[in-house]
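A.B. asks: Sharing structure-v3.csv below, CSV, C-alpha atoms:
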chain,number,residue,atom,x,y,z
A,7,MET,CA,26.4,-29.7,-30.8
A,8,LYS,CA,28.3,-30.4,-27.6
A,9,LYS,CA,29.1,-26.7,-27.2
A,10,HIS,CA,25.4,-25.9,-27.4
A,11,PHE,CA,24.6,-28.5,-24.8
A,12,LEU,CA,27.2,-27.1,-22.5
A,13,ALA,CA,25.7,-23.6,-22.9
A,14,ILE,CA,22.2,-24.9,-22.1
A,15,LEU,CA,23.2,-27.0,-19.2
A,16,PRO,CA,23.5,-24.3,-16.5
A,17,VAL,CA,20.3,-22.7,-17.6
A,18,THR,CA,18.5,-26.0,-17.4
A,19,VAL,CA,19.9,-26.7,-13.9
A,20,LEU,CA,18.9,-23.3,-12.7
A,21,ALA,CA,15.4,-23.5,-14.1
A,22,THR,CA,14.9,-27.0,-12.6
A,23,GLY,CA,16.1,-25.7,-9.2
A,24,LEU,CA,13.7,-22.8,-9.4
A,25,ILE,CA,10.8,-25.0,-10.2
A,26,LEU,CA,11.7,-27.5,-7.5
A,27,PHE,CA,12.0,-24.6,-5.0
A,28,THR,CA,8.7,-23.1,-5.8
A,29,GLY,CA,7.1,-26.5,-5.7
A,30,ILE,CA,8.5,-27.2,-2.3
A,31,SER,CA,7.5,-23.9,-0.9
A,32,GLN,CA,4.0,-24.3,-2.2
A,33,ALA,CA,3.7,-27.7,-0.6
A,34,ALA,CA,4.8,-26.1,2.7
A,35,ASP,CA,2.1,-23.5,2.3
A,36,ALA,CA,-0.5,-26.2,1.7
A,37,GLY,CA,0.7,-27.7,5.0
A,38,LEU,CA,0.0,-24.4,6.8
A,39,ALA,CA,-3.6,-24.3,5.5
A,40,ASN,CA,-4.3,-27.2,7.9
A,41,ASP,CA,-5.9,-25.3,10.8
A,42,GLY,CA,-5.0,-27.8,13.5
A,43,GLY,CA,-8.4,-29.2,14.0
A,44,LEU,CA,-10.1,-25.8,14.3
A,45,ALA,CA,-13.3,-25.1,12.3
A,46,THR,CA,-15.6,-22.2,11.9
A,47,LEU,CA,-19.4,-22.4,12.4
A,48,ARG,CA,-20.2,-21.9,8.8
A,49,GLY,CA,-17.5,-24.0,7.3
A,50,ALA,CA,-15.2,-21.2,6.0
A,51,PRO,CA,-11.5,-22.0,6.5
A,52,VAL,CA,-10.1,-20.6,9.8
A,53,SER,CA,-7.2,-19.0,8.0
A,54,ALA,CA,-9.4,-17.3,5.4
A,55,PRO,CA,-9.5,-13.5,5.6
A,56,GLU,CA,-12.3,-12.0,7.4
A,57,LYS,CA,-15.0,-10.9,4.9
A,58,ALA,CA,-16.1,-7.4,5.0
A,59,PRO,CA,-19.9,-7.2,5.5
A,60,THR,CA,-21.7,-6.6,2.3
A,61,GLY,CA,-25.2,-5.8,1.2
A,62,ASP,CA,-27.6,-2.9,1.4
A,63,ALA,CA,-28.7,-3.8,4.9
A,64,LEU,CA,-25.4,-2.5,6.2
A,65,LYS,CA,-25.0,0.5,4.1
A,66,PRO,CA,-23.9,3.4,6.3
A,67,VAL,CA,-26.1,6.5,6.2
A,68,PRO,CA,-24.6,9.1,4.1
A,69,ASP,CA,-22.8,12.0,5.8
A,70,THR,CA,-25.4,14.0,7.7
A,71,GLU,CA,-25.6,16.9,10.1
A,72,VAL,CA,-25.1,16.0,13.8
A,73,PHE,CA,-28.0,13.9,15.2
A,74,ASP,CA,-30.0,15.3,18.1
A,75,ARG,CA,-29.7,13.3,21.3
A,76,ILE,CA,-32.8,11.3,22.1
A,77,TYR,CA,-32.4,11.0,25.9
A,78,ASP,CA,-30.3,12.6,28.5
A,79,ASP,CA,-26.7,11.6,28.5
A,80,GLN,CA,-27.0,9.7,25.3
A,81,PRO,CA,-23.6,9.3,23.8
A,82,PRO,CA,-23.9,11.3,20.5
A,83,LEU,CA,-24.5,9.1,17.5
A,84,VAL,CA,-21.9,9.1,14.8
A,85,SER,CA,-23.2,10.9,11.7
A,86,HIS,CA,-20.8,9.5,9.2
A,87,ALA,CA,-19.4,6.2,8.0
A,88,VAL,CA,-16.5,4.9,10.1
A,89,ASP,CA,-15.4,1.9,8.1
A,90,LYS,CA,-12.1,3.6,7.1
A,91,TYR,CA,-11.3,5.0,10.5
A,92,PRO,CA,-9.5,2.3,12.5
A,93,VAL,CA,-9.6,2.3,16.3
A,94,THR,CA,-7.0,-0.3,17.4
A,95,LYS,CA,-4.8,-0.6,20.5
A,96,ASP,CA,-2.2,1.3,18.6
A,97,VAL,CA,-4.1,4.2,17.0
A,98,ASN,CA,-7.4,6.0,17.3
A,99,LYS,CA,-8.3,7.6,14.0
A,100,CYS,CA,-11.3,9.4,15.5
A,101,LEU,CA,-9.0,11.8,17.3
A,102,ASP,CA,-7.7,13.1,13.9
A,103,CYS,CA,-10.8,15.2,13.8
A,104,HIS,CA,-12.4,15.1,17.2
A,105,SER,CA,-9.5,15.7,19.6
A,106,ALA,CA,-9.3,19.0,21.5
A,107,GLU,CA,-6.5,20.2,19.2
A,108,ASN,CA,-8.1,19.4,15.9
A,109,TYR,CA,-11.8,19.8,16.3
A,110,LYS,CA,-11.9,23.5,15.3
A,111,LYS,CA,-9.8,23.1,12.2
A,112,GLU,CA,-11.8,20.0,11.1
A,113,LYS,CA,-15.2,21.5,12.1
A,114,ALA,CA,-15.9,18.4,14.1
A,115,THR,CA,-17.6,17.8,17.4
A,116,LYS,CA,-15.2,18.2,20.3
A,117,ILE,CA,-14.6,15.2,22.5
A,118,GLY,CA,-16.4,15.6,25.8
A,119,SER,CA,-14.5,16.9,28.8
A,120,SER,CA,-15.7,13.9,30.8
A,121,HIS,CA,-13.4,11.8,28.6
A,122,PHE,CA,-10.3,13.4,30.1
A,123,LYS,CA,-11.0,12.0,33.6
A,124,ASP,CA,-9.5,8.8,34.9
A,125,ALA,CA,-11.4,6.3,37.1
A,126,ASN,CA,-10.7,8.4,40.2
A,127,GLY,CA,-12.0,11.6,38.6
A,128,LYS,CA,-8.6,13.1,38.2
A,129,THR,CA,-8.3,15.2,35.0
A,130,LEU,CA,-5.7,14.0,32.6
A,131,PRO,CA,-3.8,16.1,30.0
A,132,ASN,CA,-5.2,13.9,27.3
A,133,VAL,CA,-8.0,11.5,26.6
A,134,SER,CA,-8.3,8.8,29.2
A,135,SER,CA,-7.4,5.3,28.0
A,136,ARG,CA,-10.8,4.3,29.4
A,137,ARG,CA,-12.4,6.2,26.5
A,138,HIS,CA,-10.1,4.9,23.8
A,139,PHE,CA,-12.7,2.7,22.0
A,140,CYS,CA,-15.1,5.4,20.9
A,141,LEU,CA,-17.4,3.0,19.0
A,142,GLN,CA,-18.3,1.2,22.2
A,143,CYS,CA,-20.7,4.1,23.0
A,144,HIS,CA,-20.8,6.3,19.9
A,145,VAL,CA,-22.4,4.2,17.3
A,146,PRO,CA,-22.6,4.8,13.5
A,147,GLN,CA,-26.0,4.5,11.9
A,148,VAL,CA,-27.0,2.3,9.0
A,149,ASP,CA,-29.9,2.8,6.7
A,150,ALA,CA,-31.7,-0.4,7.6
A,151,LYS,CA,-35.2,-1.5,8.7
A,152,GLU,CA,-35.7,-2.2,12.3
A,153,LEU,CA,-35.3,-6.0,13.0
A,154,VAL,CA,-37.9,-5.7,15.8
A,155,SER,CA,-40.5,-3.0,15.9
A,156,ASN,CA,-40.5,-0.8,19.0
A,157,THR,CA,-42.5,2.1,20.4
A,158,PHE,CA,-39.6,4.1,21.8
A,159,GLN,CA,-40.4,7.8,22.2
A,160,ARG,CA,-37.8,10.4,22.6
A,161,ALA,CA,-37.7,12.3,26.0
A,162,GLU,CA,-39.4,15.7,26.0
B,24,MET,CA,66.0,-13.0,-48.1
B,25,GLU,CA,63.4,-13.9,-50.6
B,26,PRO,CA,63.0,-11.5,-53.4
B,27,HIS,CA,59.6,-10.0,-53.9
B,28,SER,CA,57.8,-11.4,-56.8
B,29,PRO,CA,56.8,-8.8,-59.3
B,30,THR,CA,53.1,-9.8,-59.0
B,31,GLU,CA,52.9,-9.1,-55.3
B,32,ALA,CA,54.5,-5.8,-55.3
B,33,PRO,CA,51.6,-3.7,-56.7
B,34,VAL,CA,49.0,-5.1,-54.2
B,35,PRO,CA,47.4,-1.9,-52.6
B,36,VAL,CA,48.0,-3.0,-49.0
B,37,SER,CA,49.6,0.3,-48.2
B,38,ALA,CA,46.6,2.7,-48.8
B,39,PRO,CA,43.2,1.2,-49.4
B,40,SER,CA,40.9,4.0,-50.4
B,41,LEU,CA,38.0,4.9,-48.0
B,42,ALA,CA,35.5,3.8,-50.6
B,43,LYS,CA,37.0,0.4,-50.7
B,44,LEU,CA,37.1,0.1,-46.9
B,45,TRP,CA,33.5,1.2,-46.8
B,46,ARG,CA,32.5,-1.4,-49.4
B,47,ARG,CA,34.3,-4.1,-47.4
B,48,TRP,CA,32.6,-3.1,-44.1
B,49,LYS,CA,29.2,-2.2,-45.5
B,50,SER,CA,27.9,-5.8,-45.4
B,51,TYR,CA,29.3,-6.4,-41.9
B,52,LEU,CA,27.8,-3.1,-40.7
B,53,SER,CA,24.3,-3.8,-42.0
B,54,VAL,CA,24.4,-7.3,-40.5
B,55,SER,CA,25.6,-6.0,-37.2
B,56,ILE,CA,23.0,-3.3,-37.1
B,57,LEU,CA,20.3,-5.8,-37.8
B,58,VAL,CA,21.6,-8.2,-35.1
B,59,THR,CA,21.9,-5.4,-32.6
B,60,PHE,CA,18.3,-4.3,-33.4
B,61,VAL,CA,16.9,-7.7,-33.0
B,62,ALA,CA,18.8,-8.4,-29.9
B,63,GLY,CA,17.7,-5.0,-28.5
B,64,VAL,CA,14.0,-5.8,-29.2
B,65,LEU,CA,14.4,-9.3,-27.7
B,66,PHE,CA,16.1,-7.8,-24.6
B,67,ALA,CA,13.5,-5.1,-24.2
B,68,ALA,CA,10.7,-7.7,-24.5
B,69,VAL,CA,12.3,-10.1,-22.0
B,70,PHE,CA,13.3,-7.3,-19.6
B,71,ASN,CA,9.8,-5.8,-19.7
B,72,SER,CA,8.0,-9.0,-19.1
B,73,ALA,CA,10.4,-9.9,-16.3
B,74,ILE,CA,9.8,-6.5,-14.7
B,75,SER,CA,6.0,-6.8,-15.1
B,76,TRP,CA,6.2,-10.3,-13.6
B,77,THR,CA,7.9,-8.8,-10.5
B,78,ASN,CA,5.0,-6.4,-10.4
B,79,SER,CA,2.3,-9.0,-10.2
B,80,GLU,CA,0.3,-9.8,-7.0
B,81,GLU,CA,1.4,-13.4,-7.5
B,82,PHE,CA,5.0,-12.5,-7.3
B,83,CYS,CA,4.7,-10.5,-4.1
B,84,LEU,CA,2.8,-13.4,-2.5
B,85,TYR,CA,5.6,-15.9,-3.1
B,86,CYS,CA,7.0,-14.4,0.1
B,87,HIS,CA,5.1,-15.4,3.1
B,88,GLU,CA,6.2,-12.2,4.7
B,89,MET,CA,3.8,-10.4,2.4
B,90,LYS,CA,1.2,-13.1,2.3
B,91,ASP,CA,0.7,-13.5,6.0
B,92,ASN,CA,1.0,-9.9,7.1
B,93,VAL,CA,0.3,-7.0,4.8
B,94,TYR,CA,-1.7,-9.0,2.2
B,95,ARG,CA,-4.2,-10.2,4.8
B,96,GLU,CA,-4.7,-6.7,6.1
B,97,TYR,CA,-5.2,-5.4,2.6
B,98,GLN,CA,-7.9,-8.0,1.9
B,99,THR,CA,-10.4,-6.3,4.1
B,100,THR,CA,-9.9,-2.9,2.5
B,101,ILE,CA,-11.6,-1.2,-0.4
B,102,HIS,CA,-8.5,-1.5,-2.6
B,103,TYR,CA,-8.9,-5.2,-2.6
B,104,SER,CA,-12.7,-5.6,-2.9
B,105,ASN,CA,-15.3,-3.1,-3.8
B,106,ARG,CA,-18.6,-2.7,-5.6
B,107,SER,CA,-17.1,-2.2,-9.1
B,108,GLY,CA,-14.4,-4.9,-8.8
B,109,VAL,CA,-11.5,-2.7,-9.7
B,110,ARG,CA,-8.5,-3.9,-7.7
B,111,ALA,CA,-5.3,-2.0,-6.9
B,112,VAL,CA,-2.7,-4.7,-6.5
B,113,CYS,CA,0.5,-4.3,-4.5
B,114,ALA,CA,2.5,-2.7,-7.3
B,115,ASP,CA,-0.2,-0.2,-8.2
B,116,CYS,CA,0.6,1.6,-5.0
B,117,HIS,CA,4.1,0.5,-4.2
B,118,VAL,CA,5.9,0.7,-7.6
B,119,PRO,CA,5.9,3.8,-9.8
B,120,LYS,CA,4.5,3.4,-13.3
B,121,GLU,CA,7.1,5.7,-15.0
B,122,PHE,CA,10.2,4.0,-16.2
B,123,GLY,CA,12.9,6.0,-14.4
B,124,PRO,CA,11.3,6.0,-10.9
B,125,LYS,CA,10.3,2.4,-11.5
B,126,MET,CA,13.9,1.3,-12.1
B,127,VAL,CA,15.0,3.3,-9.1
B,128,ARG,CA,12.4,1.5,-6.9
B,129,LYS,CA,13.4,-1.8,-8.3
B,130,LEU,CA,17.0,-1.2,-7.5
B,131,GLN,CA,16.0,-0.2,-4.0
B,132,ALA,CA,14.1,-3.4,-3.8
B,133,SER,CA,17.3,-5.4,-3.8
B,134,ASN,CA,17.5,-4.4,-0.1
B,135,GLU,CA,14.2,-6.1,0.3
B,136,VAL,CA,15.7,-9.3,-1.2
B,137,LEU,CA,18.5,-9.1,1.2
B,138,GLN,CA,16.2,-8.6,4.2
B,139,LYS,CA,14.2,-11.6,2.9
B,140,VAL,CA,17.3,-13.7,3.0
B,141,LEU,CA,18.2,-12.4,6.4
B,142,GLY,CA,14.7,-13.2,7.6
B,143,SER,CA,14.2,-9.7,9.1
B,144,ILE,CA,10.4,-9.9,9.1
B,145,ASP,CA,9.7,-13.6,8.7
B,146,THR,CA,7.4,-13.9,11.7
B,147,PRO,CA,4.4,-11.8,12.6
B,148,GLU,CA,6.2,-10.7,15.8
B,149,LYS,CA,9.3,-9.5,13.9
B,150,PHE,CA,7.0,-7.8,11.4
B,151,ALA,CA,5.1,-6.0,14.2
B,152,GLN,CA,8.4,-4.8,15.6
B,153,ARG,CA,9.4,-3.2,12.3
B,154,ARG,CA,6.0,-2.1,11.2
B,155,SER,CA,6.6,1.5,12.4
B,156,GLN,CA,9.8,1.8,10.4
B,157,LEU,CA,8.3,0.1,7.3
B,158,ALA,CA,5.2,2.2,7.3
B,159,GLN,CA,7.2,5.4,7.7
B,160,ASN,CA,9.5,4.5,4.8
B,161,GLU,CA,6.4,4.2,2.6
B,162,TRP,CA,4.8,7.4,3.9
B,163,ARG,CA,8.0,9.3,3.3
B,164,ARG,CA,8.3,8.0,-0.3
B,165,MET,CA,4.7,8.9,-1.0
B,166,LYS,CA,4.9,12.3,0.5
B,167,GLY,CA,8.2,12.9,-1.4
B,168,ASN,CA,6.5,12.2,-4.8
B,169,ASP,CA,3.3,14.0,-4.0
B,170,SER,CA,1.4,10.7,-3.7
B,171,ARG,CA,2.1,9.9,-7.4
B,172,GLU,CA,0.9,6.3,-7.2
B,173,CYS,CA,-2.4,7.4,-5.7
B,174,ARG,CA,-2.8,9.9,-8.4
B,175,ASN,CA,-2.3,7.3,-11.1
B,176,CYS,CA,-5.9,6.4,-10.5
B,177,HIS,CA,-7.3,9.2,-8.3
B,178,GLU,CA,-7.0,12.3,-10.4
B,179,GLN,CA,-7.7,15.5,-8.6
B,180,GLU,CA,-9.1,17.0,-11.8
B,181,SER,CA,-11.6,14.2,-12.1
B,182,PHE,CA,-13.0,14.6,-8.6
B,183,ASP,CA,-16.8,15.1,-8.8
B,184,PHE,CA,-17.3,17.0,-5.6
B,185,ALA,CA,-21.0,16.7,-5.9
B,186,ARG,CA,-20.7,13.0,-5.4
B,187,GLN,CA,-18.5,13.2,-2.3
B,188,GLY,CA,-19.7,13.5,1.2
B,189,TYR,CA,-19.7,17.0,2.4
B,190,ARG,CA,-16.9,16.2,4.9
B,191,SER,CA,-14.8,14.9,2.0
B,192,VAL,CA,-15.5,17.9,-0.1
B,193,ASN,CA,-14.3,20.3,2.6
B,194,GLN,CA,-11.2,18.3,3.3
B,195,HIS,CA,-10.3,17.8,-0.3
B,196,MET,CA,-10.9,21.4,-1.4
B,197,ASP,CA,-9.1,22.8,1.6
B,198,GLY,CA,-6.2,20.3,1.7
B,199,LEU,CA,-5.4,20.1,-1.9
B,200,GLN,CA,-5.4,23.8,-2.3
B,201,LYS,CA,-3.0,24.1,0.6
B,202,GLY,CA,-0.7,21.7,-1.2
B,203,GLU,CA,-1.4,18.8,1.1
B,204,THR,CA,-1.0,15.4,-0.6
B,205,CYS,CA,-3.1,12.3,-0.4
B,206,ILE,CA,-0.9,10.4,2.1
B,207,ASP,CA,-1.0,13.3,4.6
B,208,CYS,CA,-4.5,12.2,5.6
B,209,HIS,CA,-5.0,8.8,4.0
B,210,LYS,CA,-2.5,6.7,6.0
B,211,GLY,CA,-3.4,3.1,6.8
B,212,ILE,CA,-6.1,2.8,4.2
B,213,ALA,CA,-4.8,-0.6,2.9
B,214,HIS,CA,-2.8,-1.8,5.9
B,215,THR,CA,-2.9,-1.8,9.7
B,216,LEU,CA,-1.5,1.4,11.2
B,217,PRO,CA,1.5,1.2,13.4
B,218,ARG,CA,1.4,2.6,16.9
B,219,ILE,CA,0.9,6.4,16.9
B,220,ASP,CA,1.9,8.6,19.8
B,221,GLN,CA,-1.5,10.1,20.6
B,222,GLY,CA,-0.7,10.4,24.3
B,223,ILE,CA,-3.6,8.3,25.5
B,224,ASN,CA,-2.2,5.3,27.2
B,225,LEU,CA,1.0,6.6,28.7
B,226,ALA,CA,2.0,3.3,30.1
B,227,ASP,CA,2.6,1.9,26.6
B,228,PRO,CA,5.8,2.5,24.7
B,229,PRO,CA,5.6,5.7,22.6
B,230,GLY,CA,4.8,5.3,18.9
B,231,ILE,CA,5.3,7.5,15.8
B,232,ALA,CA,5.0,11.2,16.6
B,233,LEU,CA,1.7,12.7,15.9
B,234,GLU,CA,3.3,15.4,13.6
B,235,ILE,CA,4.4,12.6,11.3
B,236,PHE,CA,1.1,10.8,11.3
B,237,LYS,CA,-1.0,13.9,10.7
B,238,PRO,CA,1.2,16.8,9.5
B,239,PRO,CA,-0.1,20.1,10.7
B,240,ALA,CA,-1.6,22.2,7.9
B,241,SER,CA,0.9,24.5,6.2
B,242,ASP,CA,-0.9,27.7,7.2
B,243,ALA,CA,-1.0,27.9,11.0
B,244,GLU,CA,-3.3,30.9,11.2
B,245,GLU,CA,-6.3,29.2,12.6
B,246,GLU,CA,-7.6,29.7,16.2
So that I can check it, write out the structure of this file as structure tokens.
C.D. replies:
Amino acid sequence: MKKHFLAILPVTVLATGLILFTGISQAADAGLANDGGLATLRGAPVSAPEKAPTGDALKPVPDTEVFDRIYDDQPPLVSHAVDKYPVTKDVNKCLDCHSAENYKKEKATKIGSSHFKDANGKTLPNVSSRRHFCLQCHVPQVDAKELVSNTFQRAE
Amino acid sequence: MEPHSPTEAPVPVSAPSLAKLWRRWKSYLSVSILVTFVAGVLFAAVFNSAISWTNSEEFCLYCHEMKDNVYREYQTTIHYSNRSGVRAVCADCHVPKEFGPKMVRKLQASNEVLQKVLGSIDTPEKFAQRRSQLAQNEWRRMKGNDSRECRNCHEQESFDFARQGYRSVNQHMDGLQKGETCIDCHKGIAHTLPRIDQGINLADPPGIALEIFKPPASDAEEE
């Protein structure tokens, strides 16, 4: 009987230790969830992950042929979904297809030559960092109703 | 010297026949086979459930290194949440399903335990510093095994090209025929990409070479 007890003892000690450890670390996590007095407008916890937009209203248009420009100097619209193409300070996924090196192979629109000029009009060997965030001008399209009706006519 | 008693002398200690030995050991043998078998089954069961426990999302998230960094990024992606509710958890992409490769990966993971103890990536800043290295480790692994973990779910034979966008069709037909593999193009689909050297902002420190991020197609006859 004593022998059995001796054999079980280390296992029990280990298990208790493990349970205590996980308990403590979970308690520490719960402490982190306190957002230091910050709150969001709609009551979601500050530390909650950002929710991806959902719903039909934001469904991107399916891949289409290139859109015509509607007015002079309009930045061409994006004719495909872009939700999986990150543009961050570290990487620009658009260039995978649209860069001067890749556009032929990928059968994509070439990035405009104006995009290689810096603020002083000097031509750079590569895309200017001023043009890094493509989606500021080139906007993807969603298949949604107009929120406000308008009478815009394209230029002839 | 004690004389041998006549009764002891004929005892067949000298040469027990094989049959007799067999008879003596038969019972032991069957018992030991049974015990080994039961122990084996028990061991396999315990081992298997221990391994699957370490493959659970819950297990990965015991470490705040995972929970606060890569898990958060992954929560905004399609592998976490999508219209049909099929989720690929950490291990679905990062641990092979086949026994051999799985064991190899699990052994390699002992380094991850060591790094956890050393606290190599225990703050977001430390993680950011190593992201480039960590991402490339995973890219190399996936390229090395022809994106096996992707293909556990995304089978090339099951692609319905009619239901893919025409850009995807072209890319998939072309790329897969040329022997390109999923990870060649689909990097950063579940986690934030590290810095890539695209030659745009030259003031910033260089990132991962473009050839690694987007390997040039195997046939270079275009243009």
A.B. asks: At most 7 Å is the cut-off: for each residue in chain B with any atom that close to an atom of chain A, write down the nearest atom pair and the distance in Å rounded to one decimal, counting only C-alpha atoms, chain first then increasing number, as a Markdown table.
C.D. replies:
| residue | atom | partner | partner_atom | distance |
| --- | --- | --- | --- | --- |
| B:Arg95 | CA | A:Pro55 | CA | 6.3 |
| B:Gln98 | CA | A:Pro55 | CA | 6.8 |
| B:Thr99 | CA | A:Ala58 | CA | 5.9 |
| B:Gly188 | CA | A:Asp69 | CA | 5.7 |
| B:Tyr189 | CA | A:Asp69 | CA | 6.8 |
| B:Ile212 | CA | A:Lys90 | CA | 6.7 |
| B:Leu216 | CA | A:Val97 | CA | 6.9 |
| B:Pro217 | CA | A:Asp96 | CA | 6.4 |
| B:Arg218 | CA | A:Asp96 | CA | 4.2 |
| B:Ile219 | CA | A:Val97 | CA | 5.5 |
| B:Gly222 | CA | A:Asn132 | CA | 6.4 |
| B:Ile223 | CA | A:Ser135 | CA | 5.4 |
| B:Asn224 | CA | A:Ser135 | CA | 5.3 |
A.B. asks: Which polymer residues have any atom within 8 Å of an atom of Glu96 of chain B, counting all atoms listed in the file, with same-chain residues fewer than 6 positions away left out, as a compact mmCIF listing (two decimals) with C-alpha atoms, in the frame of the given file?
C.D. replies:
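What ended up in part-v5.txt:
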# COMPACT_ATOMS: atom_id res chain seq x y z
CA ALA B 213 -4.80 -0.60 2.90
CA HIS B 214 -2.80 -1.80 5.90
CA THR B 215 -2.90 -1.80 9.70
A.B. asks: How many Å separate atom CA of Gly142 of chain B from atom CA of Asp115 of chain B?
C.D. replies: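 Between these atoms lies a distance of 25.3 Å.
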A.B. asks: Record the distance separating atom CA of Val72 of chain A and atom CA of Thr100 of chain B, expressed in Å with one decimal.
C.D. replies: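 Computing the Euclidean distance for atom CA of Val72 of chain A and atom CA of Thr100 of chain B yields 26.8 Å.
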A.B. asks: Could you name the residues that touch segment 191-204 of chain B at 7 Å or less, counting all atoms listed in the file, but leaving out those on the same chain fewer than 4 positions away, as a count of residues only?
C.D. replies: 6
A.B. asks: Expressed in Å to a single decimal, how great is the separation between atom CA of Gln159 of chain B and atom CA of Lys210 of chain B?
C.D. replies: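 According to the coordinates, atom CA of Gln159 of chain B and atom CA of Lys210 of chain B are separated by 9.9 Å.
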A.B. asks: With all atoms listed in the file as the atoms that count, which of A:Leu44, A:Val84, A:Tyr109, A:Tyr77 lies nearest to Gln142 of chain A?
C.D. replies: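 Nearest candidate to Gln142 of chain A out of A:Leu44, A:Val84, A:Tyr109, A:Tyr77: A:Val84.
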A.B. asks: Of the residues B:Arg163, B:His117, B:Arg171, B:Lys49, which is the one nearest to Ile235 of chain B, using only C-alpha atoms?
C.D. replies: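 Result for the nearest residue to Ile235 of chain B: B:Arg163.
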A.B. asks: Return the single residue from B:Leu65, B:Val109, B:Cys208, B:Met89 that is closest to Ile144 of chain B, with distances computed using only C-alpha atoms.
C.D. replies: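 The answer is B:Met89, which sits nearest to Ile144 of chain B.
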A.B. asks: Is it possible to add N, CA and C atoms to segment 115-127 of chain B and hand it back as a PDB file, in the coordinates of the input?
C.D. replies:
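Final file, part_11.pdb:
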ATOM      1  N   ASP B 115       0.535  -1.439  -7.822  1.00  0.00           N
ATOM      2  CA  ASP B 115      -0.200  -0.200  -8.200  1.00  0.00           C
ATOM      3  C   ASP B 115       0.118   0.926  -7.270  1.00  0.00           C
ATOM      4  N   CYS B 116       0.280   0.583  -6.000  1.00  0.00           N
ATOM      5  CA  CYS B 116       0.600   1.600  -5.000  1.00  0.00           C
ATOM      6  C   CYS B 116       2.050   1.707  -4.664  1.00  0.00           C
ATOM      7  N   HIS B 117       2.735   0.574  -4.720  1.00  0.00           N
ATOM      8  CA  HIS B 117       4.100   0.500  -4.200  1.00  0.00           C
ATOM      9  C   HIS B 117       5.189   0.611  -5.229  1.00  0.00           C
ATOM     10  N   VAL B 118       4.845   0.548  -6.515  1.00  0.00           N
ATOM     11  CA  VAL B 118       5.900   0.700  -7.600  1.00  0.00           C
ATOM     12  C   VAL B 118       5.423   1.741  -8.557  1.00  0.00           C
ATOM     13  N   PRO B 119       6.282   2.725  -8.802  1.00  0.00           N
ATOM     14  CA  PRO B 119       5.900   3.800  -9.800  1.00  0.00           C
ATOM     15  C   PRO B 119       5.675   3.198 -11.161  1.00  0.00           C
ATOM     16  N   LYS B 120       4.846   3.885 -11.933  1.00  0.00           N
ATOM     17  CA  LYS B 120       4.500   3.400 -13.300  1.00  0.00           C
ATOM     18  C   LYS B 120       5.574   3.934 -14.299  1.00  0.00           C
ATOM     19  N   GLU B 121       6.128   5.121 -14.059  1.00  0.00           N
ATOM     20  CA  GLU B 121       7.100   5.700 -15.000  1.00  0.00           C
ATOM     21  C   GLU B 121       8.385   4.926 -14.964  1.00  0.00           C
ATOM     22  N   PHE B 122       9.042   4.854 -16.123  1.00  0.00           N
ATOM     23  CA  PHE B 122      10.200   4.000 -16.200  1.00  0.00           C
ATOM     24  C   PHE B 122      11.326   4.325 -15.265  1.00  0.00           C
ATOM     25  N   GLY B 123      11.716   5.602 -15.246  1.00  0.00           N
ATOM     26  CA  GLY B 123      12.900   6.000 -14.400  1.00  0.00           C
ATOM     27  C   GLY B 123      12.626   5.683 -12.925  1.00  0.00           C
ATOM     28  N   PRO B 124      11.571   6.270 -12.337  1.00  0.00           N
ATOM     29  CA  PRO B 124      11.300   6.000 -10.900  1.00  0.00           C
ATOM     30  C   PRO B 124      11.069   4.494 -10.663  1.00  0.00           C
ATOM     31  N   LYS B 125      10.506   3.796 -11.656  1.00  0.00           N
ATOM     32  CA  LYS B 125      10.300   2.400 -11.500  1.00  0.00           C
ATOM     33  C   LYS B 125      11.605   1.627 -11.316  1.00  0.00           C
ATOM     34  N   MET B 126      12.580   1.999 -12.180  1.00  0.00           N
ATOM     35  CA  MET B 126      13.900   1.300 -12.100  1.00  0.00           C
ATOM     36  C   MET B 126      14.568   1.654 -10.774  1.00  0.00           C
ATOM     37  N   VAL B 127      14.443   2.902 -10.338  1.00  0.00           N
ATOM     38  CA  VAL B 127      15.000   3.300  -9.100  1.00  0.00           C
ATOM     39  C   VAL B 127      14.430   2.435  -7.941  1.00  0.00           C
TER      40      VAL B 127
END
